[in-house]
>>> print(open('target05.cif').read())   # mmCIF, C-alpha atoms
data_run
#
loop_
_atom_site.label_atom_id
_atom_site.label_comp_id
_atom_site.auth_asym_id
_atom_site.auth_seq_id
_atom_site.Cartn_x
_atom_site.Cartn_y
_atom_site.Cartn_z
CA MET A 1 -17.84 -79.46 41.80
CA SER A 2 -15.59 -82.43 41.85
CA ALA A 3 -12.63 -83.97 43.59
CA ASP A 4 -11.13 -84.07 40.10
CA VAL A 5 -10.83 -80.27 39.85
CA PRO A 6 -7.11 -79.40 40.31
CA THR A 7 -6.91 -77.04 43.28
CA ALA A 8 -4.06 -78.27 45.47
CA ASP A 9 -1.42 -75.65 46.23
CA LEU A 10 0.39 -73.93 49.07
CA ASP A 11 -2.21 -71.27 49.89
CA ASP A 12 -2.71 -70.30 53.52
CA THR A 13 -5.51 -72.27 55.10
CA VAL A 14 -8.83 -70.89 56.37
CA GLY A 15 -10.87 -72.25 59.27
CA ILE A 16 -14.32 -73.56 58.31
CA GLY A 17 -15.31 -75.49 61.41
CA SER A 18 -14.10 -76.84 64.72
CA GLY A 19 -10.42 -77.49 64.02
CA THR A 20 -11.06 -77.79 60.26
CA THR A 21 -9.05 -75.74 57.76
CA VAL A 22 -9.01 -75.58 53.96
CA ARG A 23 -7.16 -73.62 51.29
CA PRO A 24 -8.87 -70.55 49.80
CA GLN A 25 -8.71 -72.17 46.36
CA HIS A 26 -11.01 -74.97 47.51
CA LEU A 27 -13.50 -72.44 48.89
CA ILE A 28 -13.46 -70.51 45.62
CA VAL A 29 -14.14 -73.70 43.65
CA THR A 30 -17.15 -74.33 45.91
CA VAL A 31 -18.43 -70.77 45.40
CA PHE A 32 -18.18 -71.11 41.63
CA GLY A 33 -19.55 -74.64 41.59
CA ARG A 34 -22.60 -74.06 43.75
CA TYR A 35 -23.40 -70.38 43.28
CA VAL A 36 -21.69 -68.59 40.40
CA ARG A 37 -22.76 -71.26 37.88
CA ALA A 38 -26.35 -70.84 39.08
CA HIS A 39 -26.21 -67.03 38.65
CA GLY A 40 -25.17 -66.73 35.03
CA GLY A 41 -21.73 -68.33 35.39
CA VAL A 42 -19.77 -65.06 35.61
CA ILE A 43 -18.74 -63.08 38.69
CA GLN A 44 -16.87 -59.79 38.96
CA ILE A 45 -13.76 -59.91 41.12
CA ALA A 46 -15.18 -57.29 43.50
CA ASP A 47 -18.23 -59.49 44.17
CA LEU A 48 -16.06 -62.57 44.66
CA ILE A 49 -13.90 -60.66 47.16
CA GLU A 50 -17.04 -59.63 49.06
CA MET A 51 -18.26 -63.22 49.23
CA MET A 52 -14.88 -64.55 50.29
CA ALA A 53 -14.68 -61.93 53.04
CA ALA A 54 -17.65 -63.72 54.63
CA LEU A 55 -15.41 -66.79 54.73
CA GLY A 56 -12.55 -64.98 56.42
CA VAL A 57 -10.39 -64.65 53.28
CA ASP A 58 -8.90 -61.23 52.54
CA ALA A 59 -8.70 -59.60 49.11
CA SER A 60 -5.02 -60.35 48.49
CA ALA A 61 -5.53 -64.05 49.27
CA VAL A 62 -8.53 -64.13 46.92
CA ARG A 63 -6.55 -62.58 44.07
CA SER A 64 -3.65 -64.97 44.67
CA ALA A 65 -5.94 -68.02 44.73
CA VAL A 66 -7.79 -66.88 41.59
CA SER A 67 -4.46 -66.43 39.81
CA ARG A 68 -3.48 -70.00 40.67
CA LEU A 69 -6.83 -71.33 39.52
CA LYS A 70 -6.38 -69.50 36.21
CA GLN A 71 -2.93 -71.04 35.80
CA ARG A 72 -4.41 -74.49 36.41
CA GLY A 73 -7.11 -73.96 33.81
CA VAL A 74 -10.01 -73.98 36.29
CA LEU A 75 -11.04 -70.33 35.85
CA VAL A 76 -11.06 -68.06 32.80
CA SER A 77 -10.84 -64.27 33.01
CA ILE A 78 -13.20 -62.06 31.02
CA ARG A 79 -14.39 -58.44 31.04
CA SER A 80 -17.86 -57.83 32.43
CA GLY A 81 -19.54 -54.65 33.63
CA GLY A 82 -16.42 -52.66 32.87
CA GLY A 83 -14.20 -54.70 35.20
CA ALA A 84 -12.39 -57.98 35.65
CA ALA A 85 -14.61 -61.03 35.97
CA TYR A 86 -14.23 -64.82 35.96
CA ARG A 87 -16.05 -67.98 34.96
CA VAL A 88 -15.36 -71.70 35.11
CA ALA A 89 -13.50 -73.05 32.06
CA GLU A 90 -15.97 -74.59 29.60
CA SER A 91 -13.83 -77.74 29.45
CA LEU A 92 -14.61 -78.37 33.13
CA GLU A 93 -18.38 -77.99 32.96
CA ALA A 94 -18.90 -81.76 32.67
CA VAL A 95 -16.61 -82.28 35.66
CA PHE A 96 -18.58 -79.79 37.77
CA ALA A 97 -21.88 -81.35 36.68
CA ALA A 98 -20.65 -84.80 37.71
CA GLY A 99 -19.58 -83.35 41.04
CA ASP A 100 -23.03 -81.84 41.57
CA HIS A 101 -24.55 -85.28 41.13
CA ARG A 102 -22.07 -86.94 43.49
CA ILE A 103 -22.44 -84.31 46.22
CA PHE A 104 -26.10 -83.32 46.20
CA GLU A 105 -28.12 -86.21 44.78
CA GLU A 106 -29.14 -89.56 46.26
CA ARG A 107 -26.50 -92.03 45.16
CA ARG A 108 -26.71 -95.08 47.44
CA ALA A 109 -26.77 -98.30 45.37
CA GLN A 110 -28.81 -101.40 46.15
CA PRO A 111 -27.18 -104.83 46.59
CA SER A 112 -28.84 -106.03 43.37
CA ASP A 113 -27.53 -103.11 41.29
CA PRO A 114 -24.73 -103.79 38.78
CA TRP A 115 -21.08 -103.17 39.57
CA LEU A 116 -18.62 -101.17 37.51
CA LEU A 117 -15.27 -102.88 36.90
CA ALA A 118 -12.20 -100.98 35.72
CA SER A 119 -9.37 -103.10 34.35
CA PHE A 120 -6.17 -101.43 33.24
CA SER A 121 -2.90 -102.47 31.67
CA VAL A 122 0.00 -100.07 31.22
CA PRO A 123 3.13 -100.90 29.19
CA GLU A 124 6.36 -101.03 31.19
CA ARG A 125 7.77 -98.06 29.25
CA GLU A 126 4.88 -95.95 30.57
CA ARG A 127 5.05 -97.25 34.11
CA PRO A 128 4.45 -93.83 35.81
CA LEU A 129 0.92 -93.86 34.35
CA ARG A 130 0.04 -96.80 36.58
CA HIS A 131 0.37 -94.56 39.62
CA GLN A 132 -1.76 -91.87 37.96
CA LEU A 133 -4.45 -94.42 37.16
CA ARG A 134 -4.51 -95.81 40.68
CA LYS A 135 -4.72 -92.32 42.16
CA LEU A 136 -7.57 -91.36 39.83
CA LEU A 137 -9.57 -94.50 40.62
CA GLN A 138 -8.99 -93.99 44.34
CA ARG A 139 -10.12 -90.37 44.02
CA LEU A 140 -13.35 -91.56 42.39
CA GLY A 141 -13.94 -93.96 45.27
CA PHE A 142 -13.14 -97.28 43.60
CA GLY A 143 -12.21 -100.29 45.71
CA GLN A 144 -9.35 -102.53 44.67
CA VAL A 145 -10.10 -106.17 43.81
CA SER A 146 -6.55 -106.92 42.62
CA GLY A 147 -3.58 -105.04 41.21
CA GLY A 148 -5.16 -104.02 37.92
CA LEU A 149 -8.83 -104.58 38.69
CA TRP A 150 -10.94 -102.00 40.54
CA ILE A 151 -14.63 -101.94 41.44
CA ALA A 152 -17.39 -99.42 42.20
CA PRO A 153 -21.18 -99.20 41.99
CA GLY A 154 -22.32 -98.99 38.37
CA ALA A 155 -23.97 -95.61 38.92
CA ILE A 156 -20.63 -93.81 38.58
CA ALA A 157 -19.84 -95.21 35.10
CA ASP A 158 -20.44 -91.92 33.26
CA GLU A 159 -18.50 -89.95 35.85
CA THR A 160 -15.61 -92.41 35.50
CA ARG A 161 -15.55 -92.13 31.71
CA ILE A 162 -15.43 -88.33 31.96
CA ALA A 163 -12.59 -88.39 34.50
CA LEU A 164 -10.51 -90.90 32.51
CA ALA A 165 -10.97 -88.97 29.28
CA ARG A 166 -10.07 -85.67 30.92
CA ALA A 167 -6.88 -87.21 32.34
CA GLY A 168 -5.99 -88.75 28.97
CA LEU A 169 -5.99 -92.22 30.51
CA HIS A 170 -9.07 -93.75 28.89
CA GLY A 171 -6.96 -95.67 26.38
CA TYR A 172 -5.46 -97.79 29.15
CA VAL A 173 -8.69 -98.80 30.87
CA GLU A 174 -11.50 -101.18 30.00
CA LEU A 175 -14.78 -100.56 31.82
CA PHE A 176 -17.38 -103.29 32.40
CA ILE A 177 -20.84 -103.33 33.98
CA GLY A 178 -21.97 -106.62 35.50
CA SER A 179 -23.04 -108.77 38.45
CA ARG A 180 -20.87 -110.73 40.86
CA VAL A 181 -21.33 -114.52 40.92
CA SER A 182 -18.59 -115.56 43.38
CA GLU A 183 -19.71 -117.58 46.40
CA GLU A 184 -17.77 -115.57 48.98
CA ASP A 185 -19.99 -113.38 51.14
CA LEU A 186 -20.28 -110.02 49.40
CA THR A 187 -20.16 -108.10 52.69
CA GLN A 188 -16.74 -109.57 53.45
CA ALA A 189 -15.56 -108.87 49.92
CA VAL A 190 -16.58 -105.21 50.17
CA ARG A 191 -14.59 -104.85 53.38
CA ARG A 192 -11.57 -106.26 51.58
CA TRP A 193 -11.94 -104.01 48.55
CA TRP A 194 -12.39 -100.81 50.59
CA ASP A 195 -10.44 -99.85 53.72
CA LEU A 196 -13.53 -98.77 55.65
CA PRO A 197 -11.82 -98.33 59.06
CA ALA A 198 -9.49 -95.75 57.48
CA LEU A 199 -12.51 -93.67 56.42
CA GLU A 200 -14.12 -93.50 59.86
CA PRO A 201 -11.97 -90.68 61.34
CA MET A 202 -12.56 -88.56 58.24
CA TYR A 203 -16.31 -88.84 58.58
CA GLY A 204 -15.98 -88.33 62.33
CA GLY A 205 -14.11 -85.08 61.76
CA PHE A 206 -16.90 -83.80 59.54
CA LEU A 207 -19.52 -84.63 62.18
CA GLN A 208 -17.54 -82.87 64.89
CA ALA A 209 -16.89 -79.79 62.78
CA PHE A 210 -20.38 -79.22 61.38
CA ARG A 211 -22.94 -80.50 63.89
CA PRO A 212 -22.99 -77.05 65.56
CA ALA A 213 -24.09 -75.47 62.27
CA LEU A 214 -27.52 -77.09 62.67
CA THR A 215 -28.30 -75.16 65.85
CA GLY A 216 -29.46 -71.57 66.28
CA GLU A 217 -30.50 -68.90 63.82
CA ARG A 218 -27.96 -67.43 61.42
CA ALA A 219 -27.80 -64.24 59.41
CA ASP A 220 -27.69 -64.77 55.65
CA ARG A 221 -23.97 -63.98 55.50
CA ASP A 222 -23.16 -66.45 58.28
CA ALA A 223 -25.37 -69.11 56.69
CA PHE A 224 -23.43 -68.66 53.44
CA ALA A 225 -20.13 -69.14 55.26
CA ALA A 226 -21.35 -72.29 57.01
CA HIS A 227 -22.87 -73.67 53.80
CA VAL A 228 -19.73 -73.14 51.72
CA GLY A 229 -17.60 -74.65 54.47
CA ALA A 230 -19.78 -77.73 54.72
CA ILE A 231 -19.89 -78.25 50.95
CA THR A 232 -16.14 -77.78 50.62
CA GLN A 233 -15.44 -80.42 53.24
CA TRP A 234 -18.18 -82.79 52.10
CA ARG A 235 -17.21 -82.74 48.42
CA ARG A 236 -13.98 -84.47 49.44
CA LEU A 237 -15.72 -87.03 51.62
CA ALA A 238 -18.39 -87.79 49.00
CA TYR A 239 -15.69 -89.42 46.91
CA LEU A 240 -14.52 -91.79 49.65
CA ASP A 241 -17.68 -93.89 49.33
CA PRO A 242 -19.08 -94.04 45.77
CA GLY A 243 -22.48 -95.25 46.97
CA ILE A 244 -21.71 -98.71 48.35
CA PRO A 245 -25.01 -100.45 49.21
CA LEU A 246 -25.91 -99.76 52.83
CA ALA A 247 -26.62 -103.45 53.47
CA LEU A 248 -22.95 -104.21 52.73
CA LEU A 249 -21.53 -101.61 55.12
CA PRO A 250 -20.90 -102.05 58.86
CA GLU A 251 -23.88 -101.62 61.17
CA ARG A 252 -24.34 -97.97 62.25
CA TRP A 253 -21.87 -96.92 59.55
CA ILE A 254 -20.53 -93.47 60.49
CA GLY A 255 -20.44 -92.45 56.84
CA LEU A 256 -24.23 -92.65 56.69
CA GLU A 257 -24.52 -90.39 59.74
CA ALA A 258 -22.20 -87.88 58.07
CA GLU A 259 -24.23 -88.14 54.86
CA GLN A 260 -27.44 -87.41 56.75
CA LEU A 261 -25.83 -84.45 58.52
CA PHE A 262 -24.71 -82.95 55.23
CA GLY A 263 -28.21 -83.32 53.80
CA ALA A 264 -29.71 -81.59 56.83
CA LEU A 265 -27.13 -78.78 56.65
CA HIS A 266 -27.77 -78.25 52.96
CA ARG A 267 -31.54 -78.00 53.43
CA ARG A 268 -31.22 -75.66 56.41
CA LEU A 269 -28.50 -73.32 55.16
CA GLU A 270 -28.99 -73.01 51.42
CA PRO A 271 -32.03 -70.66 51.37
CA ALA A 272 -30.32 -68.03 53.53
CA ALA A 273 -26.99 -68.55 51.74
CA GLU A 274 -28.73 -68.05 48.41
CA ARG A 275 -30.22 -64.76 49.63
CA PHE A 276 -26.72 -63.53 50.55
CA VAL A 277 -25.31 -64.48 47.14
CA ALA A 278 -28.21 -62.79 45.35
CA SER A 279 -27.67 -59.62 47.39
CA VAL A 280 -24.01 -59.50 46.33
CA MET A 281 -24.34 -60.43 42.65
CA ASN A 282 -27.55 -58.56 41.78
#
>>> encode(input="target05.cif", output="structure tokens")
Amino acid sequence: MSADVPTADLDDTVGIGSGTTVRPQHLIVTVFGRYVRAHGGVIQIADLIEMMAALGVDASAVRSAVSRLKQRGVLVSIRSGGGAAYRVAESLEAVFAAGDHRIFEERRAQPSDPWLLASFSVPERERPLRHQLRKLLQRLGFGQVSGGLWIAPGAIADETRIALARAGLHGYVELFIGSRVSEEDLTQAVRRWWDLPALEPMYGGFLQAFRPALTGERADRDAFAAHVGAITQWRRLAYLDPGIPLALLPERWIGLEAEQLFGALHRRLEPAAERFVASVMN
């Protein structure tokens, strides 16, 4: 799963938490990314419709969203078990794998870890590509040092190379790994490179929407719905902060609280959600 998977469209939205809505396409990407890939990689449309019903999405909306994802090259249709079935496009497997790492694995850098620098230069005749490059680097969580120089923790170097190559933009970018030697306080520099105050309400919205999911017992179907909703929302937020060292972030950084909540939700909900998926696909 990745923020780089093209899913934006005009689908109707679905509620996944307190005041939180997403498009069915994004939910389907989560289902494929977290569950279908772990169960052989192929799902029949009838099973997908049953899973999506647990998320409040009806059959017609599922078919419409799947059609759009096929058009965008995210899903591929095949025949399986005598009926229509789908899998993730092989060309996107590296993108989904990078997303798994970003979303589910420990990724917080240490102050002594190396930084990744991305420097780009685009000829004037190809000026529109500058905007594409900036948007891609922002989507990966890079901070901006200057107009053509962007920075992130070195741990996302491989992910960045994959994303640039997939977008056909790697020829315009030079990537460097190194240490900072400037005398300016690094904490202040980080707050200049990233607009941290702008991220706070996004993390706050996640906390408000998904704290209730930690309380009470849930049936497997309901746990699946809560788990998919949390992953779908978190996989966007996980790209706002690419693992900036905690020591360089504001005290009591709300992003860390949101990160801890997601981890607790994942541990609590996944076993029951997995049972529901197994009951549908087996």
>>> residues_around(input="target05.cif", residues="Ser179 of chain A", least_positions_apart="5", cutoff="10 Å", atoms="only C-alpha atoms", output="list in words")
Pro111, Ser112, Asp113, Pro114, Trp115, Leu116, Leu117 and Gly154 of chain A
>>> atom_distance(input="target05.cif", atom1="atom CA of Ser119 of chain A", atom2="atom CA of Ile151 of chain A")
8.9 Å
>>> residues_around(input="target05.cif", residues="Glu106 of chain A", least_positions_apart="4", cutoff="9 Å", atoms="only C-alpha atoms", output="list of chain:residue names")
A:His101, A:Arg102, A:Gly243
>>> closest_residue(input="target05.cif", among="A:Ile254, A:Val173, A:Leu249, A:Ala155", to="Pro201 of chain A", atoms="all atoms listed in the file")
A:Ile254
>>> atom_distance(input="target05.cif", atom1="atom CA of Ala165 of chain A", atom2="atom CA of Val95 of chain A")
10.8 Å
>>> resolve_selection(input="target05.cif", expression="the PyMOL selection byres ((chain A and resi 45) around 6)", output="list in words")
Gln44, Ala46, Asp47, Leu48, Ala84 and Ala85 of chain A
>>> closest_residue(input="target05.cif", among="A:Ala38, A:Ala167, A:Ile49, A:Val122", to="Leu92 of chain A", atoms="only C-alpha atoms")
A:Ala167
>>> closest_residue(input="target05.cif", among="A:Val29, A:Ala213, A:Val62, A:Leu240", to="Ala226 of chain A", atoms="all atoms listed in the file")
A:Ala213
>>> atom_distance(input="target05.cif", atom1="atom CA of Ala223 of chain A", atom2="atom CA of Pro271 of chain A")
8.7 Å
>>> decode(input="target05.cif", residues="segment 141-179 of chain A", atoms="N, CA and C atoms", output="PDB file, in the first residue's frame")
ATOM      1  N   GLY A 141       6.893  12.749   1.659  1.00  0.00           N
ATOM      2  CA  GLY A 141       7.188  13.307   2.972  1.00  0.00           C
ATOM      3  C   GLY A 141       8.442  14.154   3.048  1.00  0.00           C
ATOM      4  N   PHE A 142       9.049  14.483   1.922  1.00  0.00           N
ATOM      5  CA  PHE A 142      10.256  15.303   1.926  1.00  0.00           C
ATOM      6  C   PHE A 142       9.963  16.705   2.452  1.00  0.00           C
ATOM      7  N   GLY A 143      10.944  17.289   3.128  1.00  0.00           N
ATOM      8  CA  GLY A 143      10.919  18.695   3.471  1.00  0.00           C
ATOM      9  C   GLY A 143      11.699  19.472   2.424  1.00  0.00           C
ATOM     10  N   GLN A 144      11.410  20.765   2.331  1.00  0.00           N
ATOM     11  CA  GLN A 144      12.057  21.583   1.297  1.00  0.00           C
ATOM     12  C   GLN A 144      13.132  22.474   1.919  1.00  0.00           C
ATOM     13  N   VAL A 145      14.378  22.278   1.469  1.00  0.00           N
ATOM     14  CA  VAL A 145      15.490  23.104   1.929  1.00  0.00           C
ATOM     15  C   VAL A 145      15.542  24.394   1.123  1.00  0.00           C
ATOM     16  N   SER A 146      15.402  24.255  -0.188  1.00  0.00           N
ATOM     17  CA  SER A 146      15.352  25.402  -1.106  1.00  0.00           C
ATOM     18  C   SER A 146      14.571  24.970  -2.328  1.00  0.00           C
ATOM     19  N   GLY A 147      14.478  25.830  -3.332  1.00  0.00           N
ATOM     20  CA  GLY A 147      13.626  25.540  -4.480  1.00  0.00           C
ATOM     21  C   GLY A 147      13.827  24.172  -5.096  1.00  0.00           C
ATOM     22  N   GLY A 148      15.081  23.800  -5.376  1.00  0.00           N
ATOM     23  CA  GLY A 148      15.339  22.530  -6.028  1.00  0.00           C
ATOM     24  C   GLY A 148      16.043  21.521  -5.156  1.00  0.00           C
ATOM     25  N   LEU A 149      16.037  21.740  -3.845  1.00  0.00           N
ATOM     26  CA  LEU A 149      16.718  20.829  -2.931  1.00  0.00           C
ATOM     27  C   LEU A 149      15.764  20.407  -1.822  1.00  0.00           C
ATOM     28  N   TRP A 150      15.551  19.091  -1.695  1.00  0.00           N
ATOM     29  CA  TRP A 150      14.598  18.538  -0.743  1.00  0.00           C
ATOM     30  C   TRP A 150      15.310  17.521   0.139  1.00  0.00           C
ATOM     31  N   ILE A 151      14.768  17.300   1.331  1.00  0.00           N
ATOM     32  CA  ILE A 151      15.458  16.479   2.325  1.00  0.00           C
ATOM     33  C   ILE A 151      14.497  15.530   3.035  1.00  0.00           C
ATOM     34  N   ALA A 152      15.013  14.363   3.414  1.00  0.00           N
ATOM     35  CA  ALA A 152      14.236  13.372   4.168  1.00  0.00           C
ATOM     36  C   ALA A 152      15.221  12.452   4.870  1.00  0.00           C
ATOM     37  N   PRO A 153      14.782  11.705   5.870  1.00  0.00           N
ATOM     38  CA  PRO A 153      15.650  10.693   6.471  1.00  0.00           C
ATOM     39  C   PRO A 153      16.132   9.690   5.424  1.00  0.00           C
ATOM     40  N   GLY A 154      17.368   9.255   5.563  1.00  0.00           N
ATOM     41  CA  GLY A 154      17.965   8.362   4.572  1.00  0.00           C
ATOM     42  C   GLY A 154      17.269   7.035   4.407  1.00  0.00           C
ATOM     43  N   ALA A 155      16.468   6.636   5.395  1.00  0.00           N
ATOM     44  CA  ALA A 155      15.808   5.325   5.343  1.00  0.00           C
ATOM     45  C   ALA A 155      14.834   5.185   4.182  1.00  0.00           C
ATOM     46  N   ILE A 156      14.374   6.297   3.604  1.00  0.00           N
ATOM     47  CA  ILE A 156      13.402   6.183   2.515  1.00  0.00           C
ATOM     48  C   ILE A 156      14.063   6.282   1.137  1.00  0.00           C
ATOM     49  N   ALA A 157      15.378   6.076   1.061  1.00  0.00           N
ATOM     50  CA  ALA A 157      16.084   6.199  -0.216  1.00  0.00           C
ATOM     51  C   ALA A 157      15.553   5.214  -1.254  1.00  0.00           C
ATOM     52  N   ASP A 158      15.418   3.935  -0.874  1.00  0.00           N
ATOM     53  CA  ASP A 158      14.937   2.938  -1.837  1.00  0.00           C
ATOM     54  C   ASP A 158      13.516   3.248  -2.288  1.00  0.00           C
ATOM     55  N   GLU A 159      12.678   3.615  -1.342  1.00  0.00           N
ATOM     56  CA  GLU A 159      11.291   3.968  -1.663  1.00  0.00           C
ATOM     57  C   GLU A 159      11.250   5.139  -2.634  1.00  0.00           C
ATOM     58  N   THR A 160      12.139   6.113  -2.430  1.00  0.00           N
ATOM     59  CA  THR A 160      12.184   7.286  -3.305  1.00  0.00           C
ATOM     60  C   THR A 160      12.621   6.906  -4.706  1.00  0.00           C
ATOM     61  N   ARG A 161      13.629   6.054  -4.814  1.00  0.00           N
ATOM     62  CA  ARG A 161      14.087   5.608  -6.135  1.00  0.00           C
ATOM     63  C   ARG A 161      12.970   4.905  -6.892  1.00  0.00           C
ATOM     64  N   ILE A 162      12.222   4.043  -6.189  1.00  0.00           N
ATOM     65  CA  ILE A 162      11.116   3.330  -6.835  1.00  0.00           C
ATOM     66  C   ILE A 162      10.064   4.304  -7.337  1.00  0.00           C
ATOM     67  N   ALA A 163       9.694   5.267  -6.500  1.00  0.00           N
ATOM     68  CA  ALA A 163       8.647   6.225  -6.865  1.00  0.00           C
ATOM     69  C   ALA A 163       9.075   7.106  -8.040  1.00  0.00           C
ATOM     70  N   LEU A 164      10.319   7.556  -8.046  1.00  0.00           N
ATOM     71  CA  LEU A 164      10.811   8.398  -9.143  1.00  0.00           C
ATOM     72  C   LEU A 164      10.858   7.611 -10.452  1.00  0.00           C
ATOM     73  N   ALA A 165      11.312   6.371 -10.372  1.00  0.00           N
ATOM     74  CA  ALA A 165      11.390   5.550 -11.579  1.00  0.00           C
ATOM     75  C   ALA A 165      10.000   5.265 -12.135  1.00  0.00           C
ATOM     76  N   ARG A 166       9.071   4.957 -11.240  1.00  0.00           N
ATOM     77  CA  ARG A 166       7.701   4.658 -11.683  1.00  0.00           C
ATOM     78  C   ARG A 166       7.056   5.865 -12.358  1.00  0.00           C
ATOM     79  N   ALA A 167       7.376   7.067 -11.859  1.00  0.00           N
ATOM     80  CA  ALA A 167       6.814   8.287 -12.437  1.00  0.00           C
ATOM     81  C   ALA A 167       7.582   8.764 -13.664  1.00  0.00           C
ATOM     82  N   GLY A 168       8.687   8.091 -14.000  1.00  0.00           N
ATOM     83  CA  GLY A 168       9.491   8.499 -15.138  1.00  0.00           C
ATOM     84  C   GLY A 168      10.248   9.796 -14.904  1.00  0.00           C
ATOM     85  N   LEU A 169      10.523  10.100 -13.639  1.00  0.00           N
ATOM     86  CA  LEU A 169      11.170  11.368 -13.293  1.00  0.00           C
ATOM     87  C   LEU A 169      12.591  11.188 -12.763  1.00  0.00           C
ATOM     88  N   HIS A 170      13.077   9.960 -12.717  1.00  0.00           N
ATOM     89  CA  HIS A 170      14.384   9.709 -12.110  1.00  0.00           C
ATOM     90  C   HIS A 170      15.522  10.393 -12.853  1.00  0.00           C
ATOM     91  N   GLY A 171      15.346  10.672 -14.143  1.00  0.00           N
ATOM     92  CA  GLY A 171      16.400  11.307 -14.917  1.00  0.00           C
ATOM     93  C   GLY A 171      16.627  12.771 -14.580  1.00  0.00           C
ATOM     94  N   TYR A 172      15.709  13.353 -13.818  1.00  0.00           N
ATOM     95  CA  TYR A 172      15.818  14.771 -13.464  1.00  0.00           C
ATOM     96  C   TYR A 172      16.324  14.990 -12.040  1.00  0.00           C
ATOM     97  N   VAL A 173      16.524  13.905 -11.309  1.00  0.00           N
ATOM     98  CA  VAL A 173      16.825  14.019  -9.880  1.00  0.00           C
ATOM     99  C   VAL A 173      18.143  13.331  -9.542  1.00  0.00           C
ATOM    100  N   GLU A 174      18.952  14.012  -8.734  1.00  0.00           N
ATOM    101  CA  GLU A 174      20.140  13.396  -8.151  1.00  0.00           C
ATOM    102  C   GLU A 174      19.857  13.167  -6.662  1.00  0.00           C
ATOM    103  N   LEU A 175      20.125  11.954  -6.205  1.00  0.00           N
ATOM    104  CA  LEU A 175      19.912  11.609  -4.802  1.00  0.00           C
ATOM    105  C   LEU A 175      21.266  11.454  -4.107  1.00  0.00           C
ATOM    106  N   PHE A 176      21.354  12.001  -2.886  1.00  0.00           N
ATOM    107  CA  PHE A 176      22.580  11.928  -2.106  1.00  0.00           C
ATOM    108  C   PHE A 176      22.254  11.491  -0.680  1.00  0.00           C
ATOM    109  N   ILE A 177      23.135  10.715  -0.079  1.00  0.00           N
ATOM    110  CA  ILE A 177      23.047  10.359   1.330  1.00  0.00           C
ATOM    111  C   ILE A 177      24.226  11.016   2.042  1.00  0.00           C
ATOM    112  N   GLY A 178      23.937  11.713   3.159  1.00  0.00           N
ATOM    113  CA  GLY A 178      25.037  12.359   3.861  1.00  0.00           C
ATOM    114  C   GLY A 178      24.630  12.940   5.199  1.00  0.00           C
ATOM    115  N   SER A 179      25.578  13.623   5.844  1.00  0.00           N
ATOM    116  CA  SER A 179      25.365  14.250   7.148  1.00  0.00           C
ATOM    117  C   SER A 179      25.370  15.768   6.996  1.00  0.00           C
TER     118      SER A 179
END
